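**Student:** Here you go, coords.tsv (TSV, C-alpha atoms):
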```tsv
chain	number	residue	atom	x	y	z
C	1494	ALA	CA	-73.09	-34.42	-21.93
C	1495	PRO	CA	-76.81	-35.20	-22.35
C	1496	LEU	CA	-77.78	-38.83	-22.79
C	1497	ASN	CA	-78.95	-39.13	-26.39
C	1498	GLY	CA	-78.51	-41.49	-29.31
C	1499	ARG	CA	-75.12	-40.10	-30.27
C	1500	THR	CA	-73.76	-40.45	-26.74
C	1501	ILE	CA	-75.02	-44.04	-26.50
C	1502	ALA	CA	-73.46	-44.84	-29.87
C	1503	ARG	CA	-70.11	-43.41	-28.75
C	1504	ILE	CA	-70.27	-45.48	-25.56
C	1505	PHE	CA	-70.87	-48.73	-27.40
C	1506	SER	CA	-68.27	-47.93	-30.06
C	1507	SER	CA	-65.48	-47.52	-27.50
C	1508	ARG	CA	-63.10	-50.50	-27.45
C	1509	ALA	CA	-61.94	-49.67	-23.95
C	1510	LEU	CA	-65.48	-49.79	-22.60
C	1511	TRP	CA	-66.12	-53.06	-24.42
C	1512	GLY	CA	-63.03	-54.46	-22.71
C	1513	VAL	CA	-64.43	-53.36	-19.36
C	1514	TYR	CA	-67.79	-54.96	-20.16
C	1515	VAL	CA	-66.17	-58.27	-21.15
C	1516	MET	CA	-63.92	-58.34	-18.08
C	1517	GLN	CA	-66.83	-57.57	-15.77
C	1518	TYR	CA	-68.90	-60.31	-17.41
C	1519	ALA	CA	-66.03	-62.78	-16.97
C	1520	VAL	CA	-65.67	-61.88	-13.30
C	1521	ASN	CA	-69.41	-62.27	-12.71
C	1522	ALA	CA	-69.44	-65.59	-14.58
C	1523	LEU	CA	-66.53	-66.99	-12.56
C	1524	THR	CA	-68.11	-65.80	-9.33
C	1525	TYR	CA	-71.42	-67.43	-10.23
C	1526	PHE	CA	-69.57	-70.62	-11.24
C	1527	PHE	CA	-67.70	-70.97	-7.94
C	1528	ILE	CA	-70.75	-70.05	-5.82
C	1529	THR	CA	-73.46	-72.15	-7.48
C	1530	TRP	CA	-72.56	-74.80	-10.08
C	1531	PHE	CA	-69.11	-75.83	-8.87
C	1532	PRO	CA	-70.16	-76.77	-5.28
C	1533	LEU	CA	-73.13	-78.78	-6.62
C	1534	TYR	CA	-70.85	-80.61	-9.04
C	1535	LEU	CA	-68.38	-81.48	-6.25
C	1536	ALA	CA	-71.16	-82.70	-3.92
C	1537	ARG	CA	-73.20	-84.70	-6.46
C	1538	GLY	CA	-70.63	-85.67	-9.07
C	1539	ARG	CA	-67.62	-86.28	-6.84
C	1540	GLY	CA	-69.37	-87.26	-3.64
C	1541	MET	CA	-67.47	-84.81	-1.46
C	1542	SER	CA	-68.59	-83.86	2.03
C	1543	LEU	CA	-69.97	-80.43	2.86
C	1544	LEU	CA	-66.70	-79.36	4.52
C	1545	GLU	CA	-64.62	-80.42	1.52
C	1546	VAL	CA	-66.99	-78.65	-0.87
C	1547	GLY	CA	-66.82	-75.45	1.16
C	1548	PHE	CA	-63.03	-75.51	1.25
C	1549	ALA	CA	-62.75	-76.18	-2.49
C	1550	ALA	CA	-65.21	-73.42	-3.36
C	1551	ALA	CA	-63.41	-70.95	-1.09
C	1552	LEU	CA	-59.95	-71.89	-2.38
C	1553	PRO	CA	-59.68	-68.99	-4.91
C	1554	ALA	CA	-60.61	-66.47	-2.22
C	1555	LEU	CA	-58.11	-68.05	0.18
C	1556	CYS	CA	-55.37	-67.84	-2.45
C	1557	GLY	CA	-56.16	-64.18	-3.04
C	1558	PHE	CA	-56.09	-63.52	0.69
C	1559	ALA	CA	-52.74	-65.31	1.01
C	1560	GLY	CA	-51.35	-63.24	-1.84
C	1561	GLY	CA	-52.49	-60.07	-0.09
C	1562	LEU	CA	-50.79	-61.15	3.13
C	1563	LEU	CA	-47.56	-61.86	1.28
C	1564	GLY	CA	-47.70	-58.46	-0.38
C	1565	ALA	CA	-48.32	-56.75	2.95
C	1566	GLY	CA	-45.45	-58.68	4.55
C	1567	ARG	CA	-43.14	-57.65	1.74
C	1568	ALA	CA	-44.15	-54.00	2.13
C	1569	VAL	CA	-43.53	-54.10	5.90
C	1570	PHE	CA	-40.14	-55.78	5.38
C	1571	THR	CA	-39.16	-53.13	2.83
C	1572	CYS	CA	-40.23	-50.40	5.23
C	1573	LEU	CA	-38.16	-51.89	8.07
C	1574	VAL	CA	-35.05	-52.35	5.92
C	1575	SER	CA	-35.30	-48.83	4.49
C	1576	THR	CA	-35.78	-47.31	7.93
C	1577	LEU	CA	-32.84	-49.21	9.43
C	1578	LEU	CA	-30.68	-48.23	6.44
C	1579	VAL	CA	-31.46	-44.55	6.93
C	1580	VAL	CA	-30.83	-44.80	10.69
C	1581	VAL	CA	-27.45	-46.49	10.19
C	1582	LEU	CA	-26.38	-43.95	7.57
C	1583	ALA	CA	-27.54	-41.10	9.81
C	1584	VAL	CA	-25.47	-42.45	12.72
C	1585	TYR	CA	-22.35	-42.66	10.56
C	1586	PHE	CA	-23.03	-39.20	9.15
C	1587	LEU	CA	-23.47	-37.64	12.59
C	1588	ALA	CA	-20.33	-39.36	13.90
C	1589	ASP	CA	-18.27	-37.83	11.07
C	1590	MET	CA	-20.12	-34.52	11.10
C	1591	PRO	CA	-17.14	-32.17	11.85
C	1592	ARG	CA	-15.13	-33.52	8.91
C	1593	VAL	CA	-18.15	-33.35	6.59
C	1594	ARG	CA	-18.89	-29.76	7.56
C	1595	ALA	CA	-15.26	-28.71	7.13
C	1596	THR	CA	-15.13	-30.32	3.68
C	1597	ILE	CA	-18.35	-28.59	2.57
C	1598	TYR	CA	-17.19	-25.18	3.82
C	1599	ARG	CA	-13.87	-25.55	1.99
C	1600	LEU	CA	-15.80	-25.61	-1.29
C	1601	VAL	CA	-17.06	-22.06	-0.67
C	1602	PRO	CA	-14.84	-19.11	-1.71
C	1603	ALA	CA	-12.93	-17.56	1.21
C	1604	HIS	CA	-14.64	-14.16	1.04
C	1605	ARG	CA	-18.09	-15.82	1.31
C	1606	ARG	CA	-17.11	-18.54	3.77
C	1607	PRO	CA	-18.16	-16.77	7.04
C	1608	ARG	CA	-21.68	-16.22	5.71
C	1609	ALA	CA	-21.79	-19.80	4.40
C	1610	VAL	CA	-20.67	-21.12	7.80
C	1611	LEU	CA	-23.48	-19.24	9.55
C	1612	ILE	CA	-26.14	-20.50	7.15
C	1613	GLY	CA	-24.73	-24.03	7.10
C	1614	ASP	CA	-24.60	-24.20	10.89
C	1615	ALA	CA	-28.24	-23.09	11.07
C	1616	MET	CA	-29.19	-25.82	8.60
C	1617	PHE	CA	-27.22	-28.48	10.46
C	1618	VAL	CA	-28.78	-27.40	13.76
C	1619	ARG	CA	-32.29	-27.82	12.40
C	1620	VAL	CA	-31.55	-31.15	10.74
C	1621	GLY	CA	-29.79	-32.45	13.85
C	1622	ALA	CA	-32.61	-31.26	16.09
C	1623	TYR	CA	-35.14	-33.03	13.89
C	1624	VAL	CA	-33.16	-36.30	13.94
C	1625	LEU	CA	-32.75	-36.14	17.72
C	1626	GLY	CA	-36.38	-35.21	18.26
C	1627	GLN	CA	-37.57	-38.00	15.96
C	1628	LEU	CA	-35.48	-40.50	17.92
C	1629	VAL	CA	-36.99	-39.25	21.19
C	1630	VAL	CA	-40.53	-39.58	19.81
C	1631	ALA	CA	-39.72	-43.07	18.51
C	1632	VAL	CA	-38.42	-44.13	21.94
C	1633	ILE	CA	-41.60	-42.79	23.57
C	1634	ALA	CA	-43.68	-44.75	21.06
C	1635	GLY	CA	-41.71	-47.93	21.77
C	1636	LEU	CA	-42.03	-47.56	25.54
C	1637	SER	CA	-45.76	-46.89	25.21
C	1638	ALA	CA	-46.15	-50.02	23.08
C	1639	LEU	CA	-44.17	-51.99	25.67
C	1640	VAL	CA	-46.54	-50.88	28.43
C	1641	LEU	CA	-49.50	-51.79	26.23
C	1642	GLY	CA	-47.99	-55.20	25.50
C	1643	PHE	CA	-47.63	-56.06	29.18
C	1644	ALA	CA	-51.09	-54.67	29.96
C	1645	ILE	CA	-52.96	-56.84	27.43
C	1646	GLY	CA	-50.64	-59.86	27.58
C	1647	LEU	CA	-49.21	-59.39	24.11
C	1648	PRO	CA	-46.83	-62.15	22.96
C	1649	TYR	CA	-43.25	-60.93	22.43
C	1650	PRO	CA	-43.87	-57.46	23.91
C	1651	PHE	CA	-40.23	-56.33	23.62
C	1652	LEU	CA	-40.10	-57.28	19.94
C	1653	ALA	CA	-43.37	-55.45	19.32
C	1654	ALA	CA	-42.02	-52.36	21.12
C	1655	VAL	CA	-38.87	-52.34	18.97
C	1656	LEU	CA	-41.02	-52.73	15.85
C	1657	VAL	CA	-43.19	-49.77	16.87
C	1658	ALA	CA	-40.13	-47.61	17.64
C	1659	VAL	CA	-38.49	-48.37	14.29
C	1660	LEU	CA	-41.65	-47.84	12.24
C	1661	ASP	CA	-42.40	-44.61	14.11
C	1662	LEU	CA	-39.31	-43.10	12.47
C	1663	VAL	CA	-41.29	-43.07	9.20
C	1664	PRO	CA	-43.44	-39.91	9.09
C	1665	VAL	CA	-47.24	-40.18	8.76
C	1666	ALA	CA	-47.48	-43.85	7.74
C	1667	GLY	CA	-45.08	-45.40	10.25
C	1668	SER	CA	-47.20	-45.21	13.37
C	1669	VAL	CA	-50.30	-46.33	11.44
C	1670	THR	CA	-48.48	-49.40	10.12
C	1671	ALA	CA	-47.15	-50.19	13.59
C	1672	GLY	CA	-50.64	-49.89	15.07
C	1673	VAL	CA	-52.10	-52.27	12.48
C	1674	LEU	CA	-49.38	-54.88	13.03
C	1675	VAL	CA	-49.60	-54.75	16.82
C	1676	SER	CA	-53.40	-54.92	16.70
C	1677	LEU	CA	-53.21	-58.00	14.49
C	1678	LEU	CA	-50.77	-59.53	16.97
C	1679	ALA	CA	-53.16	-58.65	19.81
C	1680	LEU	CA	-55.93	-60.44	17.93
C	1681	THR	CA	-54.08	-63.69	18.68
C	1682	VAL	CA	-54.71	-62.97	22.37
C	1683	SER	CA	-58.37	-62.02	22.19
C	1684	ALA	CA	-60.77	-59.73	20.37
C	1685	PRO	CA	-61.03	-57.29	23.34
C	1686	ALA	CA	-57.22	-57.06	23.41
C	1687	ALA	CA	-57.22	-56.16	19.72
C	1688	LEU	CA	-59.86	-53.48	20.31
C	1689	VAL	CA	-57.84	-52.07	23.20
C	1690	SER	CA	-54.77	-51.98	20.95
C	1691	VAL	CA	-56.64	-50.18	18.18
C	1692	GLY	CA	-58.00	-47.60	20.63
C	1693	PHE	CA	-54.57	-47.13	22.18
C	1694	PHE	CA	-52.88	-46.41	18.85
C	1695	VAL	CA	-55.64	-44.04	17.76
C	1696	VAL	CA	-55.25	-42.05	20.97
C	1697	TYR	CA	-51.46	-42.20	20.77
C	1698	ARG	CA	-51.49	-40.93	17.18
C	1699	VAL	CA	-53.52	-37.90	18.28
C	1700	VAL	CA	-51.15	-37.29	21.23
C	1701	GLU	CA	-48.10	-37.67	18.98
C	1702	ASP	CA	-49.41	-35.32	16.29
C	1703	TYR	CA	-50.77	-32.59	18.56
C	1704	LEU	CA	-48.55	-32.77	21.68
C	1705	LEU	CA	-45.27	-34.61	21.12
C	1706	TYR	CA	-44.36	-33.33	17.67
C	1707	PRO	CA	-45.13	-29.65	18.34
C	1708	ALA	CA	-43.33	-29.75	21.73
C	1709	ILE	CA	-40.26	-31.76	20.69
C	1710	ILE	CA	-39.74	-31.13	16.96
C	1711	GLY	CA	-42.00	-28.30	15.85
C	1712	ARG	CA	-40.29	-25.54	17.85
C	1713	VAL	CA	-36.90	-26.31	16.35
C	1714	VAL	CA	-37.74	-27.28	12.77
C	1715	ARG	CA	-40.33	-24.49	12.36
C	1716	VAL	CA	-41.71	-25.67	9.03
C	1717	PRO	CA	-45.47	-25.17	8.33
C	1718	SER	CA	-47.56	-28.30	8.68
C	1719	MET	CA	-48.89	-28.12	5.13
C	1720	VAL	CA	-45.35	-27.82	3.75
C	1721	THR	CA	-44.30	-30.82	5.85
C	1722	LEU	CA	-47.19	-32.95	4.58
C	1723	LEU	CA	-46.50	-32.03	0.95
C	1724	ALA	CA	-42.81	-32.77	1.43
C	1725	VAL	CA	-43.56	-36.22	2.86
C	1726	LEU	CA	-45.93	-37.04	-0.02
C	1727	LEU	CA	-43.44	-35.82	-2.60
C	1728	GLY	CA	-40.62	-37.78	-0.97
C	1729	PHE	CA	-42.71	-40.94	-1.00
C	1730	ALA	CA	-43.66	-40.44	-4.66
C	1731	LEU	CA	-40.01	-39.98	-5.66
C	1732	TYR	CA	-38.05	-42.37	-3.41
C	1733	GLY	CA	-40.55	-44.42	-1.41
C	1734	ILE	CA	-39.96	-44.99	2.31
C	1735	ILE	CA	-36.48	-43.45	2.25
C	1736	GLY	CA	-37.92	-40.34	0.62
C	1737	MET	CA	-40.52	-40.02	3.38
C	1738	ILE	CA	-37.84	-40.26	6.08
C	1739	VAL	CA	-35.49	-37.65	4.62
C	1740	ALA	CA	-38.24	-35.32	3.35
C	1741	ILE	CA	-38.73	-33.31	6.55
C	1742	PRO	CA	-35.05	-32.63	7.41
C	1743	THR	CA	-34.38	-31.74	3.77
C	1744	THR	CA	-37.34	-29.35	3.81
C	1745	ALA	CA	-36.09	-27.79	7.06
C	1746	ALA	CA	-32.67	-27.18	5.51
C	1747	LEU	CA	-34.21	-25.67	2.37
C	1748	TYR	CA	-36.45	-23.51	4.55
C	1749	VAL	CA	-33.36	-21.99	6.21
C	1750	LEU	CA	-31.77	-21.45	2.80
C	1751	LEU	CA	-34.88	-19.65	1.55
C	1752	HIS	CA	-35.08	-17.31	4.55
C	1753	GLU	CA	-31.36	-16.58	4.75
C	1754	VAL	CA	-30.40	-16.35	1.07
C	1755	VAL	CA	-33.28	-16.33	-1.42
C	1756	TYR	CA	-35.74	-13.99	0.31
C	1757	PRO	CA	-33.11	-11.32	1.21
C	1758	ARG	CA	-31.87	-11.28	-2.40
C	1759	LEU	CA	-35.41	-10.95	-3.74
C	1760	ASP	CA	-36.15	-8.14	-1.29
C	1761	ALA	CA	-32.93	-6.38	-2.27
C	1762	ALA	CA	-33.74	-6.74	-5.96
C	1763	ASP	CA	-37.13	-5.06	-5.45
C	1764	ARG	CA	-35.60	-1.96	-3.83
C	1765	PRO	CA	-35.08	1.00	-6.16
C	1766	ALA	CA	-31.47	1.98	-6.76
C	1767	ASP	CA	-30.33	5.20	-5.09
```
Please express what this file holds, its structure, as structure tokens.
**Tutor:**
Amino acid sequence: APLNGRTIARIFSSRALWGVYVMQYAVNALTYFFITWFPLYLARGRGMSLLEVGFAAALPALCGFAGGLLGAGRAVFTCLVSTLLVVVLAVYFLADMPRVRATIYRLVPAHRRPRAVLIGDAMFVRVGAYVLGQLVVAVIAGLSALVLGFAIGLPYPFLAAVLVAVLDLVPVAGSVTAGVLVSLLALTVSAPAALVSVGFFVVYRVVEDYLLYPAIIGRVVRVPSMVTLLAVLLGFALYGIIGMIVAIPTTAALYVLLHEVVYPRLDAADRPAD
């Protein structure tokens, strides 16, 4: 819309925009207070030293930083617990797989059961191959992190390797989170060690996305990359970390169902009757 008197009047008559203006003014006033007047008051009125004044003036920023660290720690803890929960449930599910499959097939009418067994077996094969391939990729990530830890003198290298392996089970975001945490841990060693860690995880992410995943998982799952990315985002939006973990195997199973059941029926429906 062109900037004229009516547009300006509508802007200044909006209560929401006035709320934004007031909040921005308050933030600027508080910032100016803690940067200029408050340190002078502490130094002249209270007789504090320069170090004490600096600490007191920076206290709000330090509190905000501490709150951010606590929030990040909580997010990482939630990610670890969710990942371990999914892994444990997957192990129990795979151990009892024959009984689960037999129970599911019993729910299908007898005259359709052979076809259901073929489709179900194809779905279970893809899901099982994805789980096994994901575990292999996670082990490779953990071993790579272990080698990196010994190379740069990382404290607790075995613990860091286990952390990387567990977080790597989470699609897309897992390896990034692991790289950030290990790089922060490497920062306690030295700045060059942290830079080496960052470079290592950037290179490893490229290798994992373009070499490991296509070679180990992509040939078996056979789901388009765009569909996989959308499935991961949708799973995260619906169920968080657990949704991200189960999104790809669920999509692989639905992909088999589409190709074996839905598409043939649609093709048959389009054929003219004889």
**Student:** Which one is closest to Val1663 in chain C: C:Val1574, C:Val1520, C:Val1610, C:Ile1735? Count all atoms listed in the file.
**Tutor:**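 Distance minimum relative to Val1663 in chain C lands on C:Ile1735.
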**Student:** So, with all atoms listed in the file as the atoms that count, which of C:Leu1704, C:Val1659, C:Ile1709, C:Val1691 lies closest to Val1581 in chain C?
**Tutor:**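 Ranked by minimum distance to Val1581 in chain C, first place goes to C:Val1659.
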**Student:** Using only C-alpha atoms, which of C:Trp1511, C:Thr1670, C:Ile1645, C:Arg1599 sits nearest Ser1690 in chain C?
**Tutor:**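 Comparing C:Trp1511, C:Thr1670, C:Ile1645, C:Arg1599 against Ser1690 in chain C, the winner is C:Ile1645.
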**Student:** Work out how far apart CA of Pro1648 in chain C and CA of Leu1688 in chain C are and give it in Å to one decimal.
**Tutor:**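 If I compute the distance from CA of Pro1648 in chain C to CA of Leu1688 in chain C, I get 15.9 Å.
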**Student:** What is the distance between CA of Met1737 in chain C and CA of Val1725 in chain C, in Å to one decimal?
**Tutor:** 4.9 Å
**Student:** To one decimal place in Å, what is the distance between CA of Ala1638 in chain C and CA of Val1620 in chain C?
**Tutor:**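 About the pair CA of Ala1638 in chain C and CA of Val1620 in chain C: they are 26.9 Å apart.
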**Student:** Tell me which of C:Ala1644, C:Tyr1697, C:Tyr1703, C:Val1682 sits closest to Ser1668 in chain C, counting only C-alpha atoms.
**Tutor:**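 Closest to Ser1668 in chain C of all the choices is C:Tyr1697.
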**Student:** I want to know what sits within 9 Å of Phe1651 in chain C, based on all atoms listed in the file, with residues of the same chain fewer than 4 positions away left out; could you give that as a PyMOL selection string?
**Tutor:** chain C and resi 1635+1638-1639+1642+1655-1656
**Student:** For Val1657 in chain C, which residue out of C:Tyr1598, C:Phe1694, C:Tyr1706, C:Tyr1748 is the nearest one, using only C-alpha atoms?
**Tutor:**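 Looking at the shortest contact to Val1657 in chain C, the residue is C:Phe1694.
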**Student:** Choose the residue, out of C:Asp1760, C:Arg1508, C:Pro1707, C:Val1749, that has the smallest atom-to-atom separation from Leu1611 in chain C; count only C-alpha atoms.
**Tutor:** C:Val1749
**Student:** Name the residues in contact with Ala1679 in chain C at a cut-off of 7 Å, using only C-alpha atoms, excluding same-chain residues fewer than 4 positions from it; report them as number ranges by chain.
**Tutor:** C: 1647, 1675, 1683, 1686-1687, 1690
